[in-house]
file model-v9.csv (CSV, C-alpha atoms)
chain,number,residue,atom,x,y,z
W,291,MET,CA,-102.0,2.1,-36.8
W,292,THR,CA,-101.7,-1.3,-35.0
W,293,THR,CA,-98.4,-1.9,-33.3
W,294,GLY,CA,-96.3,-4.6,-34.9
W,295,TYR,CA,-94.4,-7.4,-33.3
W,296,VAL,CA,-90.7,-8.4,-32.9
W,297,SER,CA,-89.3,-11.9,-32.7
W,298,LEU,CA,-85.7,-12.2,-31.4
W,299,VAL,CA,-84.7,-15.3,-33.2
W,300,GLY,CA,-81.6,-17.5,-32.8
W,301,ALA,CA,-80.1,-18.7,-36.1
W,302,GLY,CA,-78.0,-21.4,-34.6
W,303,PRO,CA,-74.2,-21.9,-34.8
W,304,GLY,CA,-73.8,-21.7,-38.6
W,305,ASP,CA,-75.1,-24.8,-40.3
W,306,PRO,CA,-78.6,-23.9,-41.7
W,307,ALA,CA,-79.7,-27.5,-41.0
W,308,LEU,CA,-79.6,-26.6,-37.3
W,309,LEU,CA,-82.2,-23.8,-37.6
W,310,THR,CA,-85.3,-24.6,-35.5
W,311,ARG,CA,-88.7,-25.0,-37.2
W,312,LYS,CA,-90.1,-22.0,-35.3
W,313,ALA,CA,-87.2,-19.9,-36.6
W,314,VAL,CA,-88.1,-20.9,-40.2
W,315,ALA,CA,-91.8,-20.0,-39.6
W,316,CYS,CA,-90.9,-16.6,-38.2
W,317,LEU,CA,-88.6,-15.8,-41.2
W,318,ARG,CA,-91.3,-16.8,-43.7
W,319,ARG,CA,-93.8,-14.4,-42.1
W,320,ALA,CA,-91.4,-11.5,-41.5
W,321,ASP,CA,-91.8,-8.1,-43.0
W,322,LEU,CA,-88.3,-7.0,-42.0
W,323,VAL,CA,-85.3,-9.1,-41.0
W,324,LEU,CA,-82.4,-7.5,-39.2
W,325,TYR,CA,-79.6,-10.0,-39.3
W,326,ASP,CA,-76.1,-10.4,-37.8
W,327,ALA,CA,-72.7,-11.0,-39.3
W,328,LEU,CA,-72.5,-14.7,-38.4
W,329,VAL,CA,-75.8,-15.7,-39.9
W,330,ASP,CA,-75.6,-17.9,-43.0
W,331,GLU,CA,-76.9,-16.2,-46.2
W,332,ARG,CA,-79.0,-19.3,-46.9
W,333,VAL,CA,-80.9,-18.7,-43.6
W,334,VAL,CA,-81.5,-15.1,-44.5
W,335,ARG,CA,-82.9,-16.1,-47.9
W,336,ILE,CA,-85.7,-18.1,-46.2
W,337,ALA,CA,-87.4,-14.7,-45.6
W,338,ARG,CA,-88.4,-14.3,-49.2
W,339,ARG,CA,-91.1,-11.7,-48.7
W,340,ALA,CA,-89.2,-9.6,-46.2
W,341,GLN,CA,-87.0,-6.6,-46.5
W,342,ARG,CA,-83.6,-7.8,-45.3
W,343,PHE,CA,-81.1,-5.4,-43.6
W,344,TYR,CA,-77.6,-6.3,-42.4
W,345,VAL,CA,-76.8,-4.9,-39.0
W,346,GLY,CA,-73.8,-7.1,-38.2
W,347,LYS,CA,-70.9,-6.4,-35.9
W,348,ARG,CA,-67.4,-7.7,-36.5
W,349,ALA,CA,-64.2,-6.7,-34.7
W,350,GLY,CA,-63.7,-3.0,-35.4
W,351,ARG,CA,-66.5,-3.0,-38.1
W,352,HIS,CA,-70.0,-2.3,-37.0
W,353,ALA,CA,-72.7,-1.8,-39.6
W,354,LEU,CA,-74.8,0.0,-36.9
W,355,ALA,CA,-74.3,0.8,-33.2
W,356,GLN,CA,-76.4,-1.3,-30.8
W,357,HIS,CA,-78.6,1.7,-29.9
W,358,GLU,CA,-79.3,2.3,-33.6
W,359,ILE,CA,-80.3,-1.4,-34.2
W,360,GLN,CA,-82.7,-1.1,-31.3
W,361,ALA,CA,-84.1,2.2,-32.6
W,362,LEU,CA,-84.6,0.7,-36.1
W,363,MET,CA,-86.4,-2.4,-34.7
W,364,ILE,CA,-88.7,-0.3,-32.5
W,365,ARG,CA,-89.5,2.2,-35.2
W,366,ALA,CA,-90.5,-0.6,-37.7
W,367,ALA,CA,-92.7,-2.3,-35.1
W,368,LYS,CA,-94.4,1.0,-34.3
W,369,ARG,CA,-95.3,1.2,-37.9
W,370,GLY,CA,-97.1,-2.1,-37.7
W,371,ARG,CA,-94.4,-4.3,-39.2
W,372,TYR,CA,-93.5,-7.8,-38.1
W,373,VAL,CA,-89.7,-7.7,-37.4
W,374,VAL,CA,-87.4,-10.6,-37.0
W,375,ARG,CA,-84.2,-9.8,-35.3
W,376,LEU,CA,-82.0,-12.7,-36.5
W,377,LYS,CA,-79.0,-13.4,-34.3
W,378,GLY,CA,-76.3,-16.1,-34.5
W,379,GLY,CA,-76.5,-18.9,-32.0
W,380,ASP,CA,-79.0,-18.2,-29.3
W,381,PRO,CA,-80.3,-14.6,-28.7
W,382,PHE,CA,-79.6,-14.8,-24.9
W,383,VAL,CA,-76.1,-16.3,-25.1
W,384,PHE,CA,-73.5,-13.6,-25.9
W,385,GLY,CA,-76.0,-12.2,-28.4
W,386,ARG,CA,-77.1,-9.0,-26.6
W,387,GLY,CA,-80.6,-10.3,-26.9
W,388,GLY,CA,-81.3,-9.3,-23.3
W,389,GLU,CA,-80.5,-5.6,-24.1
W,390,GLU,CA,-82.8,-5.7,-27.1
W,391,ALA,CA,-85.6,-7.3,-25.0
W,392,ILE,CA,-85.3,-4.6,-22.4
W,393,ALA,CA,-85.4,-1.9,-25.1
W,394,LEU,CA,-88.6,-3.5,-26.5
W,395,GLN,CA,-90.2,-3.7,-23.0
W,396,ASP,CA,-89.4,0.0,-22.4
W,397,ALA,CA,-91.0,0.9,-25.7
W,398,ALA,CA,-94.1,-1.2,-25.0
W,399,ILE,CA,-93.5,-3.3,-28.1
W,400,PRO,CA,-94.8,-6.9,-28.0
W,401,PHE,CA,-92.1,-9.5,-28.7
W,402,GLU,CA,-91.1,-13.1,-28.2
W,403,ILE,CA,-87.8,-15.0,-27.8
W,404,VAL,CA,-87.1,-17.8,-30.2
W,405,PRO,CA,-84.2,-19.8,-28.8
W,406,GLY,CA,-81.5,-21.1,-31.1
W,407,VAL,CA,-78.9,-23.8,-30.9
W,408,SER,CA,-76.0,-22.2,-29.1
W,409,SER,CA,-72.5,-22.4,-30.5
W,410,VAL,CA,-71.0,-23.0,-27.0
W,411,VAL,CA,-72.3,-26.5,-27.1
W,412,ALA,CA,-72.9,-27.2,-30.8
W,413,VAL,CA,-69.5,-26.2,-32.1
W,414,PRO,CA,-67.5,-28.5,-29.6
W,415,ALA,CA,-70.0,-31.3,-30.4
W,416,SER,CA,-69.5,-30.9,-34.1
W,417,VAL,CA,-65.8,-32.0,-33.6
W,418,GLY,CA,-66.7,-34.7,-31.1
W,419,ILE,CA,-66.1,-32.8,-27.9
W,420,PRO,CA,-68.8,-33.1,-25.2
W,421,VAL,CA,-68.7,-30.1,-22.9
W,422,THR,CA,-69.7,-32.4,-20.0
W,423,HIS,CA,-68.7,-36.0,-19.6
W,424,ARG,CA,-69.0,-38.3,-16.5
W,425,GLU,CA,-65.7,-38.5,-14.6
W,426,LEU,CA,-64.1,-35.8,-16.8
W,427,SER,CA,-66.3,-32.7,-16.4
W,428,ALA,CA,-69.4,-32.3,-14.3
W,429,GLY,CA,-70.2,-28.9,-15.8
W,430,PHE,CA,-69.0,-26.1,-18.1
W,431,LEU,CA,-68.4,-22.4,-18.1
W,432,ALA,CA,-69.2,-20.4,-21.2
W,433,VAL,CA,-67.3,-17.1,-21.0
W,434,SER,CA,-66.4,-14.3,-23.4
W,435,GLY,CA,-62.8,-13.6,-24.0
W,436,HIS,CA,-63.5,-10.1,-25.1
W,437,ASP,CA,-62.6,-8.5,-21.7
W,438,VAL,CA,-59.5,-10.1,-20.3
W,439,ALA,CA,-60.0,-8.5,-16.8
W,440,MET,CA,-63.6,-9.9,-16.6
W,441,PHE,CA,-62.4,-13.3,-17.8
W,442,THR,CA,-59.6,-13.3,-15.2
W,443,ALA,CA,-62.0,-12.5,-12.4
W,444,THR,CA,-64.5,-15.2,-13.5
W,445,VAL,CA,-62.0,-18.0,-13.8
W,446,SER,CA,-60.4,-17.1,-10.5
W,447,MET,CA,-63.6,-18.2,-8.8
W,448,LEU,CA,-63.4,-21.7,-10.3
W,449,ARG,CA,-61.8,-24.8,-9.0
W,450,PRO,CA,-59.0,-25.2,-11.6
W,451,ASN,CA,-59.0,-28.2,-13.9
W,452,GLY,CA,-62.4,-29.4,-12.7
W,453,ILE,CA,-64.8,-28.3,-15.4
W,454,THR,CA,-64.8,-27.4,-19.1
W,455,VAL,CA,-64.2,-23.7,-20.1
W,456,VAL,CA,-65.6,-22.7,-23.4
W,457,ILE,CA,-64.3,-19.3,-24.6
W,458,VAL,CA,-66.0,-17.3,-27.3
W,459,MET,CA,-64.7,-14.1,-28.9
W,460,GLY,CA,-61.2,-14.6,-27.4
W,461,PHE,CA,-58.8,-16.2,-29.9
W,462,GLY,CA,-57.0,-12.8,-30.6
W,463,ARG,CA,-56.3,-12.6,-26.8
W,464,ARG,CA,-55.4,-16.3,-26.4
W,465,LEU,CA,-52.0,-15.5,-24.7
W,466,GLU,CA,-53.5,-13.3,-22.0
W,467,LEU,CA,-56.5,-15.7,-21.5
W,468,ALA,CA,-54.2,-18.7,-21.2
W,469,GLU,CA,-51.9,-16.9,-18.8
W,470,ALA,CA,-55.0,-16.1,-16.6
W,471,LEU,CA,-55.9,-19.8,-16.5
W,472,VAL,CA,-52.4,-20.8,-15.6
W,473,ALA,CA,-52.3,-18.1,-12.9
W,474,ALA,CA,-55.6,-19.5,-11.5
W,475,GLY,CA,-54.0,-22.9,-11.1
W,476,TRP,CA,-54.9,-24.7,-14.4
W,477,ARG,CA,-52.4,-27.4,-15.5
W,478,LEU,CA,-50.2,-26.6,-18.5
W,479,ASP,CA,-50.8,-30.2,-19.8
W,480,ILE,CA,-54.6,-30.0,-19.7
W,481,PRO,CA,-56.1,-30.6,-23.1
W,482,ALA,CA,-57.2,-27.6,-25.2
W,483,ALA,CA,-59.0,-27.2,-28.6
W,484,VAL,CA,-59.7,-24.4,-31.0
W,485,ILE,CA,-62.5,-24.7,-33.5
W,486,SER,CA,-62.9,-22.2,-36.4
W,487,ASP,CA,-66.1,-21.8,-38.5
W,488,GLY,CA,-67.8,-24.4,-36.4
W,489,THR,CA,-70.6,-26.5,-38.0
W,490,THR,CA,-69.9,-25.1,-41.4
W,491,ALA,CA,-68.2,-26.5,-44.5
W,492,HIS,CA,-65.1,-24.5,-43.6
W,493,GLN,CA,-64.8,-25.9,-40.1
W,494,GLN,CA,-61.2,-26.5,-38.8
W,495,VAL,CA,-60.0,-27.8,-35.4
W,496,TRP,CA,-56.7,-27.6,-33.6
W,497,ARG,CA,-56.1,-29.9,-30.6
W,498,GLY,CA,-53.3,-29.6,-28.1
W,499,THR,CA,-52.6,-28.4,-24.5
W,500,LEU,CA,-52.9,-25.2,-22.6
W,501,ARG,CA,-49.1,-25.0,-22.7
W,502,GLU,CA,-49.2,-25.0,-26.5
W,503,LEU,CA,-52.1,-22.6,-26.5
W,504,SER,CA,-50.1,-20.2,-24.4
W,505,ALA,CA,-47.1,-20.2,-26.7
W,506,PRO,CA,-46.3,-17.1,-28.7
W,507,THR,CA,-46.8,-19.0,-32.0
W,508,LEU,CA,-49.4,-21.5,-32.8
W,509,ALA,CA,-49.5,-23.7,-35.9
W,510,PHE,CA,-53.1,-22.8,-36.5
W,511,GLU,CA,-54.7,-19.7,-38.0
W,512,PRO,CA,-58.5,-19.6,-37.8
W,513,SER,CA,-60.2,-18.7,-41.1
W,514,GLY,CA,-63.2,-17.3,-39.3
W,515,PRO,CA,-64.8,-17.0,-35.8
W,516,ALA,CA,-63.0,-19.3,-33.4
W,517,LEU,CA,-64.1,-20.9,-30.1
W,518,MET,CA,-61.7,-22.4,-27.6
W,519,VAL,CA,-62.3,-25.3,-25.3
W,520,ILE,CA,-60.1,-26.0,-22.2
W,521,GLY,CA,-60.5,-29.1,-20.1
W,522,GLU,CA,-60.1,-32.9,-20.1
W,523,VAL,CA,-63.0,-33.3,-22.6
W,524,ALA,CA,-61.0,-31.4,-25.3
W,525,ALA,CA,-58.9,-34.5,-25.9
W,526,LEU,CA,-62.0,-36.5,-26.9
W,527,ASP,CA,-63.1,-37.1,-30.5
W,528,LEU,CA,-66.5,-38.8,-30.4
W,529,ARG,CA,-67.4,-38.4,-34.0
W,530,ALA,CA,-68.4,-41.5,-36.0
W,531,LEU,CA,-65.3,-43.3,-37.5
W,532,HIS,CA,-66.5,-42.8,-41.1
W,533,GLU,CA,-66.8,-39.1,-40.5
W,534,ARG,CA,-63.2,-38.8,-39.3
W,535,VAL,CA,-61.9,-40.8,-42.2
W,536,GLU,CA,-63.8,-38.6,-44.7
W,537,GLN,CA,-62.6,-35.4,-43.2
W,538,SER,CA,-58.9,-36.2,-42.6
W,539,GLU,CA,-56.6,-39.2,-42.3
W,540,ASP,CA,-57.3,-42.8,-41.2
W,541,VAL,CA,-56.6,-41.9,-37.6
W,542,ALA,CA,-57.9,-39.3,-35.2
W,543,PRO,CA,-55.8,-36.1,-35.0
W,544,SER,CA,-53.0,-36.1,-32.5
W,545,ARG,CA,-52.4,-33.3,-30.0
W,546,GLY,CA,-51.1,-30.1,-31.6
W,547,SER,CA,-52.5,-31.1,-35.0
W,548,ARG,CA,-54.9,-29.4,-37.3
W,549,SER,CA,-57.7,-31.2,-39.0
W,550,ARG,CA,-60.9,-30.5,-41.0

call {"tool": "encode", "arguments": {"input": "model-v9.csv", "output": "structure tokens"}}
result
Amino acid sequence: MTTGYVSLVGAGPGDPALLTRKAVACLRRADLVLYDALVDERVVRIARRAQRFYVGKRAGRHALAQHEIQALMIRAAKRGRYVVRLKGGDPFVFGRGGEEAIALQDAAIPFEIVPGVSSVVAVPASVGIPVTHRELSAGFLAVSGHDVAMFTATVSMLRPNGITVVIVMGFGRRLELAEALVAAGWRLDIPAAVISDGTTAHQQVWRGTLRELSAPTLAFEPSGPALMVIGEVAALDLRALHERVEQSEDVAPSRGSRSR
């Protein structure tokens, strides 16, 4: 039997319109699609001829363990099937795509990486926040908030207040993460933003400061996956005027406010 093939495909940040043309082509050819929790169902349905299998992980709820996903992917490829491993955002940005690529290499399975639009830049952009901006931020750090100790060690190596920090998978630990930034020298009045369900129809954004983000209570409750942005750029709202008017009031949201 001829060995199959695996494509590790990025599904983008949520909006199906941000899917790449190559990702669409892969889905249309697939025999089997293994897809994650944050992938829009409309994207999954592009794979009309494929068997589609949910392998998503949410906090405390894993459909399959990582080693089981890798075993399923390899087993199908060894049976001659074309497998698309469909992952939210980009496979190599907090997507464990590197682990899956190593497993495929070790099993001598041919594979490719199909990059996707990463949420760490697309979600802030969807609410008018550029992660870099001349005279405000010369660079950005994308970091997971899942492990507070690792986050603390990472931000302690930065010059405080000088770049943009984009935190994924961290809203539930926002108090500890904010405390780590303050302890590392970040100003309490530096702008901050939280974006929930980024790029989707359910998107919501809160804007305020690190001081407000570090408070025990926050007048914002994400309806879905949330991403935090810390830095001077978080105060910007560079969306077109008509878009802001359609989504909320006649003026841009003030700090500490919540808007759609």

call {"tool": "closest_residue", "arguments": {"input": "model-v9.csv", "among": "W:Gly521, W:Pro381, W:Gly418, W:Pro512", "to": "Ala482 in chain W", "atoms": "all atoms listed in the file"}}
result
W:Gly521

call {"tool": "atom_distance", "arguments": {"input": "model-v9.csv", "atom1": "CA of Ser446 in chain W", "atom2": "CA of Gly475 in chain W"}}
result
8.7 Å

call {"tool": "residues_around", "arguments": {"input": "model-v9.csv", "residues": "range 319-333 of chain W", "least_positions_apart": "4", "cutoff": "7 Å", "atoms": "all atoms listed in the file", "output": "count of residues only"}}
result
23

call {"tool": "residues_around", "arguments": {"input": "model-v9.csv", "residues": "range 409-414 of chain W", "least_positions_apart": "2", "cutoff": "9 Å", "atoms": "only C-alpha atoms", "output": "VMD selection string"}}
result
chain W and resid 302 to 304 378 to 380 383 407 416 to 421 432 456 to 458 483 to 489 517 to 519 524

call {"tool": "residues_around", "arguments": {"input": "model-v9.csv", "residues": "Val438 in chain W", "least_positions_apart": "2", "cutoff": "12 Å", "atoms": "only C-alpha atoms", "output": "compact mmCIF listing (two decimals) with C-alpha atoms, in the frame of the given file"}}
result
# COMPACT_ATOMS: atom_id res chain seq x y z
CA VAL W 433 -67.30 -17.10 -21.00
CA SER W 434 -66.40 -14.30 -23.40
CA GLY W 435 -62.80 -13.60 -24.00
CA HIS W 436 -63.50 -10.10 -25.10
CA MET W 440 -63.60 -9.90 -16.60
CA PHE W 441 -62.40 -13.30 -17.80
CA THR W 442 -59.60 -13.30 -15.20
CA ALA W 443 -62.00 -12.50 -12.40
CA THR W 444 -64.50 -15.20 -13.50
CA VAL W 445 -62.00 -18.00 -13.80
CA ILE W 457 -64.30 -19.30 -24.60
CA VAL W 458 -66.00 -17.30 -27.30
CA MET W 459 -64.70 -14.10 -28.90
CA GLY W 460 -61.20 -14.60 -27.40
CA PHE W 461 -58.80 -16.20 -29.90
CA GLY W 462 -57.00 -12.80 -30.60
CA ARG W 463 -56.30 -12.60 -26.80
CA ARG W 464 -55.40 -16.30 -26.40
CA LEU W 465 -52.00 -15.50 -24.70
CA GLU W 466 -53.50 -13.30 -22.00
CA LEU W 467 -56.50 -15.70 -21.50
CA ALA W 468 -54.20 -18.70 -21.20
CA GLU W 469 -51.90 -16.90 -18.80
CA ALA W 470 -55.00 -16.10 -16.60
CA LEU W 471 -55.90 -19.80 -16.50

call {"tool": "residues_around", "arguments": {"input": "model-v9.csv", "residues": "Ala361 in chain W", "least_positions_apart": "3", "cutoff": "12 Å", "atoms": "only C-alpha atoms", "output": "ChimeraX atom specification"}}
result
/W:324,354-358,364-368,390,393-394,396-397,399

call {"tool": "atom_distance", "arguments": {"input": "model-v9.csv", "atom1": "CA of Ala428 in chain W", "atom2": "CA of Val472 in chain W"}}
result
20.6 Å

call {"tool": "closest_residue", "arguments": {"input": "model-v9.csv", "among": "W:Arg338, W:Arg386, W:Arg369, W:Arg529", "to": "Leu298 in chain W", "atoms": "all atoms listed in the file"}}
result
W:Arg386

call {"tool": "closest_residue", "arguments": {"input": "model-v9.csv", "among": "W:Asp479, W:Gly388, W:Ser513, W:Pro400", "to": "Leu500 in chain W", "atoms": "all atoms listed in the file"}}
result
W:Asp479

call {"tool": "closest_residue", "arguments": {"input": "model-v9.csv", "among": "W:Ile453, W:Leu528, W:Val296, W:Ile336", "to": "Gly370 in chain W", "atoms": "only C-alpha atoms"}}
result
W:Val296

call {"tool": "atom_distance", "arguments": {"input": "model-v9.csv", "atom1": "CA of Leu531 in chain W", "atom2": "CA of Thr490 in chain W"}}
result
19.2 Å

call {"tool": "closest_residue", "arguments": {"input": "model-v9.csv", "among": "W:Met363, W:Val523, W:Ala491, W:Ala505", "to": "Gly452 in chain W", "atoms": "all atoms listed in the file"}}
result
W:Val523

call {"tool": "decode", "arguments": {"input": "model-v9.csv", "residues": "range 323-413 of chain W", "atoms": "C-alpha atoms", "output": "PDB file, in the first residue's frame"}}
result
ATOM      1  CA  VAL W 323      -9.829  15.951   8.321  1.00  0.00           C
ATOM      2  CA  LEU W 324      -8.815  16.107  11.974  1.00  0.00           C
ATOM      3  CA  TYR W 325      -9.964  19.507  13.214  1.00  0.00           C
ATOM      4  CA  ASP W 326      -9.573  21.556  16.375  1.00  0.00           C
ATOM      5  CA  ALA W 327     -12.066  23.279  18.669  1.00  0.00           C
ATOM      6  CA  LEU W 328     -11.565  26.826  17.385  1.00  0.00           C
ATOM      7  CA  VAL W 329     -12.085  25.999  13.708  1.00  0.00           C
ATOM      8  CA  ASP W 330     -15.300  27.433  12.247  1.00  0.00           C
ATOM      9  CA  GLU W 331     -17.740  24.727  11.132  1.00  0.00           C
ATOM     10  CA  ARG W 332     -18.070  26.470   7.751  1.00  0.00           C
ATOM     11  CA  VAL W 333     -14.372  25.824   7.169  1.00  0.00           C
ATOM     12  CA  VAL W 334     -14.724  22.156   8.076  1.00  0.00           C
ATOM     13  CA  ARG W 335     -17.619  21.767   5.623  1.00  0.00           C
ATOM     14  CA  ILE W 336     -15.349  22.708   2.713  1.00  0.00           C
ATOM     15  CA  ALA W 337     -14.003  19.148   2.984  1.00  0.00           C
ATOM     16  CA  ARG W 338     -17.152  17.665   1.449  1.00  0.00           C
ATOM     17  CA  ARG W 339     -15.692  14.327   0.383  1.00  0.00           C
ATOM     18  CA  ALA W 340     -13.670  13.729   3.552  1.00  0.00           C
ATOM     19  CA  GLN W 341     -14.344  11.924   6.778  1.00  0.00           C
ATOM     20  CA  ARG W 342     -14.291  14.667   9.424  1.00  0.00           C
ATOM     21  CA  PHE W 343     -13.208  13.939  12.981  1.00  0.00           C
ATOM     22  CA  TYR W 344     -13.183  16.385  15.894  1.00  0.00           C
ATOM     23  CA  VAL W 345     -10.028  16.212  18.013  1.00  0.00           C
ATOM     24  CA  GLY W 346     -10.303  19.576  19.762  1.00  0.00           C
ATOM     25  CA  LYS W 347      -8.967  20.596  23.148  1.00  0.00           C
ATOM     26  CA  ARG W 348     -10.639  23.148  25.411  1.00  0.00           C
ATOM     27  CA  ALA W 349      -9.776  23.898  29.039  1.00  0.00           C
ATOM     28  CA  GLY W 350     -10.305  20.651  30.915  1.00  0.00           C
ATOM     29  CA  ARG W 351     -12.063  18.999  27.959  1.00  0.00           C
ATOM     30  CA  HIS W 352      -9.873  17.108  25.506  1.00  0.00           C
ATOM     31  CA  ALA W 353     -11.522  14.988  22.828  1.00  0.00           C
ATOM     32  CA  LEU W 354      -8.233  13.112  22.416  1.00  0.00           C
ATOM     33  CA  ALA W 355      -4.820  13.382  24.048  1.00  0.00           C
ATOM     34  CA  GLN W 356      -2.053  14.810  21.868  1.00  0.00           C
ATOM     35  CA  HIS W 357      -0.327  11.438  21.442  1.00  0.00           C
ATOM     36  CA  GLU W 358      -3.642   9.909  20.346  1.00  0.00           C
ATOM     37  CA  ILE W 359      -4.138  12.610  17.703  1.00  0.00           C
ATOM     38  CA  GLN W 360      -0.656  11.951  16.360  1.00  0.00           C
ATOM     39  CA  ALA W 361      -1.213   8.188  16.324  1.00  0.00           C
ATOM     40  CA  LEU W 362      -4.519   8.597  14.451  1.00  0.00           C
ATOM     41  CA  MET W 363      -2.913  10.898  11.882  1.00  0.00           C
ATOM     42  CA  ILE W 364       0.009   8.530  11.296  1.00  0.00           C
ATOM     43  CA  ARG W 365      -2.175   5.414  11.132  1.00  0.00           C
ATOM     44  CA  ALA W 366      -4.426   6.970   8.490  1.00  0.00           C
ATOM     45  CA  ALA W 367      -1.463   8.106   6.400  1.00  0.00           C
ATOM     46  CA  LYS W 368       0.091   4.640   6.556  1.00  0.00           C
ATOM     47  CA  ARG W 369      -3.141   3.314   5.088  1.00  0.00           C
ATOM     48  CA  GLY W 370      -2.676   5.541   2.070  1.00  0.00           C
ATOM     49  CA  ARG W 371      -5.078   8.345   3.051  1.00  0.00           C
ATOM     50  CA  TYR W 372      -4.569  12.063   2.504  1.00  0.00           C
ATOM     51  CA  VAL W 373      -4.965  13.623   5.949  1.00  0.00           C
ATOM     52  CA  VAL W 374      -5.545  17.295   6.714  1.00  0.00           C
ATOM     53  CA  ARG W 375      -4.732  18.233  10.285  1.00  0.00           C
ATOM     54  CA  LEU W 376      -6.734  21.449  10.578  1.00  0.00           C
ATOM     55  CA  LYS W 377      -5.633  23.824  13.316  1.00  0.00           C
ATOM     56  CA  GLY W 378      -6.838  27.272  14.373  1.00  0.00           C
ATOM     57  CA  GLY W 379      -4.587  30.183  13.449  1.00  0.00           C
ATOM     58  CA  ASP W 380      -1.184  29.012  12.246  1.00  0.00           C
ATOM     59  CA  PRO W 381       0.025  25.451  12.942  1.00  0.00           C
ATOM     60  CA  PHE W 382       3.369  26.660  14.310  1.00  0.00           C
ATOM     61  CA  VAL W 383       2.040  29.462  16.562  1.00  0.00           C
ATOM     62  CA  PHE W 384       0.786  27.926  19.835  1.00  0.00           C
ATOM     63  CA  GLY W 385      -0.751  25.120  17.794  1.00  0.00           C
ATOM     64  CA  ARG W 386       1.538  22.185  18.699  1.00  0.00           C
ATOM     65  CA  GLY W 387       2.178  21.812  14.997  1.00  0.00           C
ATOM     66  CA  GLY W 388       5.867  21.399  15.698  1.00  0.00           C
ATOM     67  CA  GLU W 389       5.182  18.348  17.856  1.00  0.00           C
ATOM     68  CA  GLU W 390       3.016  16.828  15.144  1.00  0.00           C
ATOM     69  CA  ALA W 391       5.634  17.528  12.467  1.00  0.00           C
ATOM     70  CA  ILE W 392       8.280  15.771  14.582  1.00  0.00           C
ATOM     71  CA  ALA W 393       5.968  12.770  15.050  1.00  0.00           C
ATOM     72  CA  LEU W 394       5.423  12.582  11.280  1.00  0.00           C
ATOM     73  CA  GLN W 395       9.166  12.829  10.621  1.00  0.00           C
ATOM     74  CA  ASP W 396       9.862  10.038  13.112  1.00  0.00           C
ATOM     75  CA  ALA W 397       7.218   7.862  11.426  1.00  0.00           C
ATOM     76  CA  ALA W 398       8.639   8.625   7.945  1.00  0.00           C
ATOM     77  CA  ILE W 399       5.306  10.090   6.801  1.00  0.00           C
ATOM     78  CA  PRO W 400       5.544  12.732   4.045  1.00  0.00           C
ATOM     79  CA  PHE W 401       3.913  15.995   5.080  1.00  0.00           C
ATOM     80  CA  GLU W 402       3.711  19.718   4.430  1.00  0.00           C
ATOM     81  CA  ILE W 403       3.010  22.840   6.453  1.00  0.00           C
ATOM     82  CA  VAL W 404       0.280  25.163   5.187  1.00  0.00           C
ATOM     83  CA  PRO W 405       0.609  28.423   7.147  1.00  0.00           C
ATOM     84  CA  GLY W 406      -2.489  30.192   8.409  1.00  0.00           C
ATOM     85  CA  VAL W 407      -3.238  33.762   9.451  1.00  0.00           C
ATOM     86  CA  SER W 408      -2.229  33.880  13.121  1.00  0.00           C
ATOM     87  CA  SER W 409      -4.630  35.245  15.710  1.00  0.00           C
ATOM     88  CA  VAL W 410      -1.789  37.045  17.497  1.00  0.00           C
ATOM     89  CA  VAL W 411      -1.730  39.669  14.728  1.00  0.00           C
ATOM     90  CA  ALA W 412      -5.152  39.256  13.061  1.00  0.00           C
ATOM     91  CA  VAL W 413      -7.299  39.560  16.191  1.00  0.00           C
TER      92      VAL W 413
END
